[in-house]
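Peer 1: My structure is below; once you've seen it, I'll send some questions.
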Amino acid sequence: MKILVALDAKDYSKKIVKDVARLAENTLADIIFLGVQEKATEPEKTLVNALLKHQNDVYSYFSPDDLPYAELPSDQWQERAQGDWSISSKGMKEFTLRIRTGSVAKQAVTVAEEIDCDLIILGCSGKFGCEWSGEMNVPLRIAEDAPCSVLVIKQVRSTNQIVSILDQTVITQESLEMINQLVTLHDAGLKIVGVQEKKAAKNDEIEQRMVGLLKYYNDREVGAWVKLVDSDIVKEYVTDSSREAIVALWMGGKQSLIKKLFSQSMVDKLLETTESALLILR
Amino acid sequence: MSQQTSILILDDEPIVSKRLRPSLEKKGYEVETFTSSVDALARVRERKFNIVVTDLKMEGVDGMQFLTEVKSLYPDTEVIVITGFATMATAKESFSKGVFDFLAKPFKLGEITEVIAKAEEKINNS
C-alpha cells in the first residue's frame with residue numbers, strides 16, 4: 001500500500017500524525033509526506049522543518065527493531081522539476097518527503113496520480129468548518145478529484161464503529177480492502193448501510209449486494225451488520241453517524257446515488273460536522 | 001535459455017489472481033493460481049515454486065500455516081504475503097518465518113510486480 005499524506009505546520013496536521021503512524025505500523029505502507037508552499041526557488045525552512053518533525057514523530061512511534069523505513073539522507077533535497085523537491089529513503093519500505101509549489105488541493109491530486117497511491121490522508125481545522133490555512137475547501141476538493149480513496153481526519157479519537165454507506169453502482173475491490181484495513185486498525189465493528197429509493201426497481205439489487213457483502217465479512221470473521229435506510233433520511237442518518245463513527249462513503253462514478261444525494265455542499269457539511277473522520281472511497 | 005521463474009498465487013478472492021495472472025504471464029513468469037488453500041497446499045507438495053504469493057485470512061488452511069509449510073518444504077522459495085487485514089503482529093510473525101515481503105491490500109499492480117522482480121533478483125543472485 002502506498003499512502004500520500006498532505007501536511008503543513010498547523011495543529012490539524014500535527015494531530016493526525018499518530019494516526020498515520022498507526023496505519024503505517026499496521027500496513028507497512030510506503031509513505032509520502034507532501035507539503036505545499038507558495039512559489040519559491042527552494043523549499044521553505046518552516047515547511048521543511050514541519051515535515052521533518054512529522055517524519056520523526058512517525059519514526060519514533062515504531063520500536064527501533066520494527067521500523068521499516070531507513071533514515072532520510074540529511075539535507076539532500078533533490079529538485080525533481082521547477083517547484084518540486086523531494087528527499088527519500090529506501091529501507092524495507094520507502095519514506096519520502098515532497099515539497100511542491102502551488103495549490104494544496106491541486107498538488108495533492110497531481111502527486112497522487114503521479115505516484116499511483118492507494119490512499120490520501122489529511123487533517124483539517126475544526127474551528128470554522130473544515131478548512132486549511134490559506135486555502136478554501138482543501139479536503140473537499142481533494143475528495144472530489146482524487147484518483148484514490150481519501151481519509152479526512154477531523155478529530156483523532158478511537159472509534160469502535162465504521163459506518164459504510166453503500167453505493168448502488170460498482171463497489172471496487174480496492175474500496176473493500178481499504179475498509180478492511182480501517183476495521184482492523186481500529187478493531188471496529190462494521191455497519192453496512194444500503195440506501196433504498198422509494199419504488200425503485202433496484203432495491204432488490206441493493207439488498208442482494210448487502211447480503212453478498214455480509215457474507216464476505218462473515219467469511220473473514222469481521223463483525224458486520226447491515227441496515228437499509230430510505231434515501232430521504234440518509235443525510236440525517238449519515239450526519240448523526242459521523243458524530244461518533246468513521247463514516248465511509250462509497251462515491252463511485254457519474255451514476256452514483258450517493259454522489260447524487262450528497263452534493264458537494266453536503267459532503268462539505270459532513271466534513272464540518274464530523275467529530276471523527278470521513279473516508280471517501282473509490 | 002534460462003528457466004522460467006515459477007509463481008504460485010493463493011488468494012480466496014478470485015479477482016486477485018484474475019488481475020495478477022495476465023500481467024505476470026506477460027512478463028514471462030510461469031503462473032499457477034489457487035483460491036483454495038487446501039488445493040494450493042496439495043500442489044506445493046507435488047512441486048516447487050520459485051515464488052509464492054499468499055493471502056493470510058482464508059478458510060481451511062490459513063495463509064500463515066500455508067507459508068510455514070512452503071518454507072519448510074522449500075526454504076529458498078521466496079514468499080510474499082498479501083493481506084487485507086494487516087497488523088504489525090502478523091507482519092512480524094510472517095517475517096519471523098522468513099517471508100520476503102509483506103504487502104497490505106489494496107496495492108497497485110506495479111507495486112507487487114516490483115516486489116516479485118526483487119524476489120526474483122534475490123533468487124538469481126543466490
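Just remember, in the C-alpha cells the first chain shown is A, the second B, etc., residues are 1-based per chain, and ligands are 1-based in the order shown.
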For a quick test of understanding: name the residues of chain B lying within 7 Å of chain A when counting only C-alpha atoms, and present them as a list in words.

Peer 2: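 Every residue of chain B that passes the 7 Å test is in Lys57, Gly84, Phe85, Ala86, Thr87, Met88, Leu103, Ala104, Lys105, Pro106 and Phe107 of chain B.
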
Peer 1: Tell me which protein, DNA and RNA residues are within 10 Å of Ser158 (chain A), counting only C-alpha atoms, leaving out same-chain ones fewer than 3 positions away, and put them as a list in words.

Peer 2: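 What passes the distance filter is Asp19, Gln155, Gln161, His186, Asp187, Ala188, Glu244, Ala245, Ile246 and Ser276 of chain A.
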
Peer 1: Mind writing the picked residues with C-alpha atoms as a compact mmCIF listing (two decimals), in the first residue's frame?

Peer 2:
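Generated file (part-v8.txt):
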# COMPACT_ATOMS: atom_id res chain seq x y z
CA ASP A 19 -2.98 8.00 13.25
CA GLN A 155 -10.77 14.65 15.24
CA GLN A 161 -17.60 1.54 14.60
CA HIS A 186 -9.50 0.37 14.94
CA ASP A 187 -10.62 -3.14 15.90
CA ALA A 188 -14.02 -1.75 14.99
CA GLU A 244 -19.18 9.07 16.69
CA ALA A 245 -18.17 6.65 13.97
CA ILE A 246 -15.87 6.90 10.99
CA SER A 276 -14.25 11.75 13.82

Peer 1: Extract, using only C-alpha atoms, all DNA, RNA and protein residues at most 12 Å from Lys215 (chain A), discarding same-chain residues fewer than 5 positions from it, and format them as a list in words.

Peer 2: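 That gives Ile192, Gln208, Arg209, Met210, Arg220, Glu221, Val222, Gly223, Ala224, Trp225 and Val226 of chain A.
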
Peer 1: Taking the backbone alone, and naming residues the way the document does, which bits of region 28-271 of chain A are strand (DSSP E or B) by DSSP, as a short mmCIF file (atom, residue, chain, number, x, y, z; two decimals) with C-alpha atoms, in the first residue's frame?

Peer 2:
data_model
loop_
_atom_site.label_atom_id
_atom_site.label_comp_id
_atom_site.auth_asym_id
_atom_site.auth_seq_id
_atom_site.Cartn_x
_atom_site.Cartn_y
_atom_site.Cartn_z
CA ASP A 30 5.21 3.24 1.58
CA ILE A 31 4.64 6.78 2.89
CA ILE A 32 4.88 10.10 1.09
CA PHE A 33 4.54 13.32 3.11
CA LEU A 34 3.55 16.19 0.86
CA GLY A 35 3.96 19.84 1.80
CA VAL A 36 2.85 22.65 -0.48
CA GLN A 37 4.21 26.18 -0.43
CA TYR A 69 11.95 2.83 6.94
CA GLN A 78 16.60 16.74 -4.86
CA GLU A 79 14.99 19.18 -7.28
CA ARG A 80 12.81 16.96 -9.47
CA ALA A 81 11.45 19.85 -11.55
CA ASP A 84 9.16 20.24 -6.94
CA TRP A 85 11.64 18.86 -4.39
CA SER A 86 11.92 15.54 -2.60
CA ILE A 87 14.05 13.59 -0.18
CA SER A 88 13.63 9.86 0.11
CA SER A 89 14.89 6.80 1.92
CA LYS A 90 14.60 3.18 0.85
CA LYS A 93 9.66 0.28 2.73
CA GLU A 94 10.04 3.71 1.20
CA PHE A 95 9.59 7.02 3.02
CA THR A 96 9.52 10.26 1.03
CA LEU A 97 9.17 13.93 1.86
CA ARG A 98 8.00 16.03 -1.05
CA ILE A 99 7.50 19.75 -1.38
CA ARG A 100 5.73 21.39 -4.30
CA THR A 101 4.56 24.88 -5.06
CA LEU A 119 -4.94 6.46 -0.12
CA ILE A 120 -4.64 10.17 0.59
CA ILE A 121 -4.82 11.26 4.22
CA LEU A 122 -5.18 14.79 5.52
CA GLY A 123 -6.45 16.61 8.55
CA SER A 125 -9.26 22.58 11.10
CA GLU A 131 -10.55 24.28 6.14
CA TRP A 132 -6.86 24.52 5.53
CA GLU A 135 -6.92 27.84 1.00
CA SER A 149 -9.73 6.90 -1.58
CA VAL A 150 -9.35 9.90 0.72
CA LEU A 151 -9.38 9.86 4.52
CA VAL A 152 -10.06 13.23 6.13
CA ILE A 153 -9.34 13.12 9.85
CA GLN A 161 -17.60 1.54 14.60
CA ILE A 162 -17.18 2.20 10.92
CA VAL A 163 -20.36 3.06 9.07
CA SER A 164 -20.14 2.35 5.35
CA ILE A 165 -22.76 3.92 3.17
CA LEU A 166 -23.19 1.63 0.20
CA GLY A 189 -17.36 -3.20 14.04
CA LEU A 190 -18.64 -2.50 10.57
CA LYS A 191 -22.13 -1.29 9.76
CA ILE A 192 -23.02 -1.52 6.08
CA VAL A 193 -25.83 0.81 5.16
CA GLY A 194 -27.76 0.38 1.95
CA VAL A 195 -29.78 3.27 0.61
CA GLN A 196 -33.18 2.37 -0.80
CA ALA A 224 -20.55 -6.68 10.30
CA TRP A 225 -24.17 -5.57 10.35
CA VAL A 226 -26.37 -4.44 7.50
CA LYS A 227 -29.07 -1.80 7.56
CA LEU A 228 -31.39 -0.36 4.92
CA VAL A 229 -32.13 3.34 5.08
CA ASP A 230 -34.61 5.30 2.96
CA ILE A 246 -15.87 6.90 10.99
CA VAL A 247 -18.18 7.26 8.03
CA ALA A 248 -17.13 5.72 4.75
CA LEU A 249 -18.94 6.96 1.68
CA TRP A 250 -18.72 4.88 -1.44
#

Peer 1: Here is a test: counting only C-alpha atoms, which residue of A:Thr159, A:Thr110, A:Ser242, A:Thr46 is nearest to Ala9 (chain A)?

Peer 2: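 Looking only at the distances to Ala9 (chain A), the closest residue turns out to be A:Thr46.
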
Peer 1: What's the 8 Å shell around region 120-124 of chain B, counting only C-alpha atoms, without same-chain residues fewer than 3 positions away, as a VMD selection string?

Peer 2: chain B and resid 5 50 to 51 76 78 116 to 117

Peer 1: Any chance you could list, as a PyMOL selection string, the residues in region 10-243 of chain A that come up alpha helix (DSSP H) when DSSP is run on the backbone?

Peer 2: chain A and resi 11-14+17-27+45-61+104-115+138-145+173-186+203-219+234-241
